[in-house]
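Novice: Here it is, the structure in full.
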Amino acid sequence: MSSPESVKLTSSEMASLWSEYIGHTHNSCVLQYFIAKAEDIEVIDVSKKTFQIVENLKENTKQILQSENVPIPIGFGSQDVDVNAPRLFSDSFFLKYIKNLSRVMVVSCGLMYTLSTRKDIREHFKNSLSKATTVFDDVSDVLLDKGLYTRPPFIEPPKKSDFVEDKDYLNGINLFGNQRYLNAVEISHLYGNIEANVIGKALAKGFGQTADYKEVREFMQKSADLSDKIINEHTQFLTGSDLSAPMPTETQVFSSSHPPFSDKLMMYQITILSAAGLSDYATSLATSQRNDLKRHYLDLIVDTAKLAKKAESLMVENKWKEQPPQQDKIKY
């Protein structure tokens with residue numbers, strides 16, 4: 001009976017490992033900067049723990065790629081981060097960034113796990129998923145201890161379980177002809193999307209004021225504008241149901257114009273956030289029941305896809321985008 005390692009990687013497994021490795025090199029650079037610039041000891045501690053986890057996972061991924069004779073991606077390294085650059089983000093932002101990073105890792109590792117066939121590769125992504133949840137737990141505990149954790153709104157539970165009895169429910173109208181309040185599922189997605197875009201807006205703002213290339217600075221402004229639009233529109237949905245929304249903290253970004261990261265790394269970061277956003281909005285669209293919300297998410301998907309396409313083009317123009325493994329054309 002053959003061992004798992006004697007069976008070649010599937011295209012899905014290769015793609016997952018390749019993407020994971022690049023992601024780890026990026027996260028490593030960002031966390032090095034956090035460790036160098038954080039002032040609070042608990043923030044430094046959680047940043048160091050996360051960095052060590054990322055480094056270990058990166059090395060594990062690299063070993064598998066090497067054993068399968070898959071070229072190691074270039075990814076990111078010391079040339080893409082300047083730990084001596086002035087402080088650009090606050091400690092509270094570092095914590096919220098790490099929380100969002102762990103959330104993205106949980107989603108991506110879960111998907112990579114389900115796309116894997118070989119037992120050893122499944123075990124690899126199962127371990128990655130476990131480590132991602134560890135990071136999420138650690139940073140969540142710190143945020144809670146410091147009173148920085150923004151909780152989703154509380155609502156009163158219904159008196160009993162029931163079924164939707166009228167199509168007006170989907171139109172967002174209640175029995176008396178008024179707009180019905182958001183249900184718990186709709187609230188959770190709106191709130192989560194606001195949180196993600198608060199992080200995205202702060203990053204785009206900081207990147208925009210430190211980028212070398214004019215085109216990158218202009219792109220970051222468009223990215224920040226879109227995040228701001230999403231935050232405002234989502235907030236209006238929540239407040240329309242007498243619910244509170246997480247508030248952006250403008251002081252999360254300082255005034256430094258000295259770049260801590262390369263333009264290549266910053267553009268990659270935005271493409272990852274855009275991809276996560278597209279996935280989030282598609283899920284929100286599928287699970288929301290008010291038709292006005294569905295139209296809203298359809299518009300967001302179009303706007304985010306346009307921004308992501310611009311980012312990809314800009315990266316290709318500057319030779320910052322690595323080509324994933326692909327099938328060579330068969331010659332007859």
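Starting from 1 in every chain, residues are counted up; chains themselves are A, B, ... following the order of the structure tokens, and ligands are numbered from 1 as listed.
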Contacts of Asn84 of chain A at 9 Å or less, counting only C-alpha atoms, minus same-chain residues fewer than 4 places along, as a ChimeraX atom specification?

Specialist: /A:33,36-37,260

Novice: So that I can see what lies close to Lys62 of chain A, please list as a VMD selection string the residues with an atom at most 9 Å from it, counting only C-alpha atoms and leaving out residues fewer than 6 positions away in the same chain.

Specialist: chain A and resid 17 to 18 21 72

Novice: Go ahead and save the picked residues with N, CA, C and O atoms, as a PDB file, in the first residue's frame.

Specialist:
ATOM      1  N   LEU A  17      -1.043  25.355  -0.884  1.00  0.00           N
ATOM      2  CA  LEU A  17       0.280  25.475  -0.260  1.00  0.00           C
ATOM      3  C   LEU A  17       1.036  26.681  -0.796  1.00  0.00           C
ATOM      4  O   LEU A  17       1.693  27.409  -0.045  1.00  0.00           O
ATOM      5  N   TRP A  18       0.929  26.900  -2.098  1.00  0.00           N
ATOM      6  CA  TRP A  18       1.606  28.031  -2.739  1.00  0.00           C
ATOM      7  C   TRP A  18       1.069  29.355  -2.198  1.00  0.00           C
ATOM      8  O   TRP A  18       1.826  30.240  -1.808  1.00  0.00           O
ATOM      9  N   TYR A  21       2.005  29.890   1.567  1.00  0.00           N
ATOM     10  CA  TYR A  21       3.391  30.304   1.811  1.00  0.00           C
ATOM     11  C   TYR A  21       3.569  31.808   1.593  1.00  0.00           C
ATOM     12  O   TYR A  21       4.178  32.496   2.415  1.00  0.00           O
ATOM     13  N   ILE A  72       9.680  27.340  -4.714  1.00  0.00           N
ATOM     14  CA  ILE A  72       9.261  28.158  -3.576  1.00  0.00           C
ATOM     15  C   ILE A  72       8.923  29.568  -4.063  1.00  0.00           C
ATOM     16  O   ILE A  72       9.736  30.201  -4.729  1.00  0.00           O
TER      17      ILE A  72
END

Novice: For segment 308-319 of chain A, list every protein, DNA or RNA residue within 10 Å, evaluated using only C-alpha atoms, and leave out those in the same chain fewer than 2 positions away; present the list as a list in words.

Specialist: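 Using only C-alpha atoms, the neighbours found are Glu215, Val216, Phe219, Met220, Ser223, Asp263, Lys264, Met267, Tyr268, Ile270, Thr271, Ile272, Leu273, Ser274, Ala275, Leu278, Val302, Asp303, Thr304, Ala305, Lys306, Lys321, Glu322 and Gln323 of chain A.
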
Novice: Take the selection from the previous step and output its residues with N, CA, C and O atoms, as a CSV table (one decimal), in the first residue's frame.

Specialist:
chain,number,residue,atom,x,y,z
A,215,GLU,N,0.8,56.2,-8.4
A,215,GLU,CA,-0.4,55.4,-8.7
A,215,GLU,C,-0.8,54.6,-7.5
A,215,GLU,O,-2.0,54.3,-7.4
A,216,VAL,N,0.1,54.2,-6.7
A,216,VAL,CA,-0.3,53.4,-5.5
A,216,VAL,C,-1.0,54.3,-4.5
A,216,VAL,O,-2.0,53.9,-3.9
A,219,PHE,N,-4.5,54.8,-5.7
A,219,PHE,CA,-5.3,53.6,-5.5
A,219,PHE,C,-5.7,53.5,-4.1
A,219,PHE,O,-6.8,53.1,-3.8
A,220,MET,N,-4.8,53.8,-3.2
A,220,MET,CA,-5.1,53.6,-1.7
A,220,MET,C,-6.2,54.6,-1.3
A,220,MET,O,-7.0,54.3,-0.5
A,223,SER,N,-9.4,53.1,-2.4
A,223,SER,CA,-9.7,52.0,-1.5
A,223,SER,C,-10.2,52.5,-0.2
A,223,SER,O,-11.2,51.9,0.3
A,263,ASP,N,5.8,49.1,-1.6
A,263,ASP,CA,4.6,49.3,-2.3
A,263,ASP,C,4.0,47.9,-2.7
A,263,ASP,O,2.8,47.7,-2.8
A,264,LYS,N,4.9,47.0,-3.0
A,264,LYS,CA,4.5,45.6,-3.4
A,264,LYS,C,3.7,45.0,-2.3
A,264,LYS,O,2.7,44.4,-2.5
A,267,MET,N,0.2,46.7,-1.7
A,267,MET,CA,-0.8,46.3,-2.8
A,267,MET,C,-1.3,44.9,-2.6
A,267,MET,O,-2.5,44.6,-2.7
A,268,TYR,N,-0.4,44.0,-2.2
A,268,TYR,CA,-0.8,42.6,-1.9
A,268,TYR,C,-1.8,42.6,-0.7
A,268,TYR,O,-2.8,41.9,-0.8
A,270,ILE,N,-3.9,44.8,0.2
A,270,ILE,CA,-5.2,45.3,-0.3
A,270,ILE,C,-5.9,44.2,-1.1
A,270,ILE,O,-7.2,44.0,-1.0
A,271,THR,N,-5.2,43.5,-1.9
A,271,THR,CA,-5.8,42.4,-2.8
A,271,THR,C,-6.4,41.3,-1.9
A,271,THR,O,-7.4,40.7,-2.2
A,272,ILE,N,-5.6,41.0,-0.8
A,272,ILE,CA,-6.1,40.0,0.2
A,272,ILE,C,-7.4,40.5,0.8
A,272,ILE,O,-8.4,39.7,1.0
A,273,LEU,N,-7.4,41.7,1.3
A,273,LEU,CA,-8.6,42.3,1.9
A,273,LEU,C,-9.8,42.3,0.9
A,273,LEU,O,-10.9,42.1,1.3
A,274,SER,N,-9.5,42.6,-0.3
A,274,SER,CA,-10.6,42.7,-1.4
A,274,SER,C,-11.2,41.3,-1.6
A,274,SER,O,-12.4,41.2,-1.7
A,275,ALA,N,-10.3,40.3,-1.6
A,275,ALA,CA,-10.7,38.9,-1.8
A,275,ALA,C,-11.6,38.5,-0.7
A,275,ALA,O,-12.7,37.9,-0.9
A,278,LEU,N,-15.0,40.3,-1.0
A,278,LEU,CA,-15.9,39.7,-2.0
A,278,LEU,C,-16.6,38.4,-1.4
A,278,LEU,O,-17.7,38.2,-1.6
A,302,VAL,N,-19.9,44.4,-7.0
A,302,VAL,CA,-19.4,45.0,-8.3
A,302,VAL,C,-18.3,46.0,-8.0
A,302,VAL,O,-17.3,46.0,-8.6
A,303,ASP,N,-18.5,46.9,-7.0
A,303,ASP,CA,-17.6,47.9,-6.7
A,303,ASP,C,-16.2,47.3,-6.2
A,303,ASP,O,-15.2,47.8,-6.6
A,304,THR,N,-16.3,46.3,-5.3
A,304,THR,CA,-15.1,45.7,-4.8
A,304,THR,C,-14.4,44.9,-5.9
A,304,THR,O,-13.1,44.9,-5.9
A,305,ALA,N,-15.1,44.3,-6.8
A,305,ALA,CA,-14.5,43.6,-7.9
A,305,ALA,C,-13.7,44.5,-8.8
A,305,ALA,O,-12.6,44.2,-9.3
A,306,LYS,N,-14.3,45.7,-9.1
A,306,LYS,CA,-13.6,46.7,-9.9
A,306,LYS,C,-12.3,47.2,-9.2
A,306,LYS,O,-11.3,47.3,-9.9
A,321,LYS,N,3.3,40.9,-9.0
A,321,LYS,CA,2.3,39.8,-8.9
A,321,LYS,C,3.0,38.5,-9.4
A,321,LYS,O,3.3,38.3,-10.5
A,322,GLU,N,3.1,37.5,-8.4
A,322,GLU,CA,3.7,36.2,-8.8
A,322,GLU,C,2.6,35.4,-9.5
A,322,GLU,O,1.4,35.4,-9.2
A,323,GLN,N,3.2,34.6,-10.4
A,323,GLN,CA,2.3,33.7,-11.2
A,323,GLN,C,2.1,32.4,-10.5
A,323,GLN,O,3.1,31.7,-10.1

Novice: Using only C-alpha atoms, which protein or nucleic acid residues come within 12 Å of segment 38-54 of chain A? Drop anything in the same chain fewer than 4 positions from it, and give the result as a ChimeraX atom specification.

Specialist: /A:20-34,58-61,83,86-99,101-102,105,127-143,145-146

Novice: Given only C-alpha atoms as the basis, pick out the residue of A:Thr210, A:Ser256, A:Asn100, A:Thr117 nearest to Gly277 of chain A.

Specialist: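 Distance minimum relative to Gly277 of chain A lands on A:Asn100.
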
Novice: Go through segment 106-154 of chain A residue by residue and, counting only C-alpha atoms, keep those with an atom at most 12 Å from segment 225-242 of chain A; for each kept residue give the shortest atom pair and its distance in Å to one decimal, ordered by chain and increasing number, as a Markdown table.

Specialist:
| residue | atom | partner | partner_atom | distance |
| --- | --- | --- | --- | --- |
| A:Pro152 | CA | A:Leu238 | CA | 10.7 |
| A:Pro153 | CA | A:Leu238 | CA | 9.2 |
| A:Phe154 | CA | A:Asp242 | CA | 11.0 |

Novice: Running DSSP on the backbone, which parts of segment 162-221 of chain A land in alpha helix (DSSP H), as a PyMOL selection string?

Specialist: chain A and resi 184-208+214-221

Novice: Can you list every residue in segment 13-254 of chain A that DSSP puts in strand (DSSP E or B), as a ChimeraX atom specification?

Specialist: /A:81,89,173,179,253

Novice: Find, counting only C-alpha atoms, the residue in A:Thr10, A:Ser257, A:Thr150, A:Asn193 that gets nearest to Ser284 of chain A.

Specialist: A:Asn193

Novice: Tell me, in Å to one decimal, how far atom CA of Thr283 of chain A is from atom CA of Leu182 of chain A.

Specialist: 16.4 Å

Novice: Compare A:Ser288, A:Gln63, A:Ser108, A:Thr114 by their minimum atom-to-atom distance to Asn183 of chain A, counting only C-alpha atoms, and give me the closest one.

Specialist: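 Looking only at the distances to Asn183 of chain A, the closest residue turns out to be A:Ser288.
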
Novice: Counting only C-alpha atoms, which of A:Ser244, A:Ser12, A:Gln289, A:Ser279 gets nearest to Met112 of chain A?

Specialist: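 The answer is A:Ser12, which sits nearest to Met112 of chain A.
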
Novice: Just the residues within 8 Å of Val185 of chain A, please, counting only C-alpha atoms, with nothing from its chain fewer than 3 positions along; format it as a compact mmCIF listing (two decimals) with N, CA, C and O atoms, in the first residue's frame.

Specialist:
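So around.txt came out as:
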# COMPACT_ATOMS: atom_id res chain seq x y z
N SER A 188 -25.59 40.37 12.05
CA SER A 188 -24.25 39.81 12.24
C SER A 188 -23.35 40.09 11.04
O SER A 188 -22.16 40.43 11.19
N HIS A 189 -23.90 39.98 9.83
CA HIS A 189 -23.09 40.22 8.63
C HIS A 189 -22.78 41.71 8.46
O HIS A 189 -21.65 42.07 8.09
N THR A 287 -27.35 35.07 2.64
CA THR A 287 -28.03 34.80 3.91
C THR A 287 -28.96 35.91 4.37
O THR A 287 -29.74 35.71 5.30
N SER A 288 -28.88 37.09 3.74
CA SER A 288 -29.77 38.19 4.11
C SER A 288 -31.12 38.03 3.41
O SER A 288 -31.17 37.58 2.27

Novice: For a quick check of understanding, using only C-alpha atoms, which of A:Ala85, A:Ile301, A:Ala276, A:Leu307 has the smallest distance to Val106 of chain A?

Specialist: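 Counting only C-alpha atoms, the residue closest to Val106 of chain A is A:Ala276.
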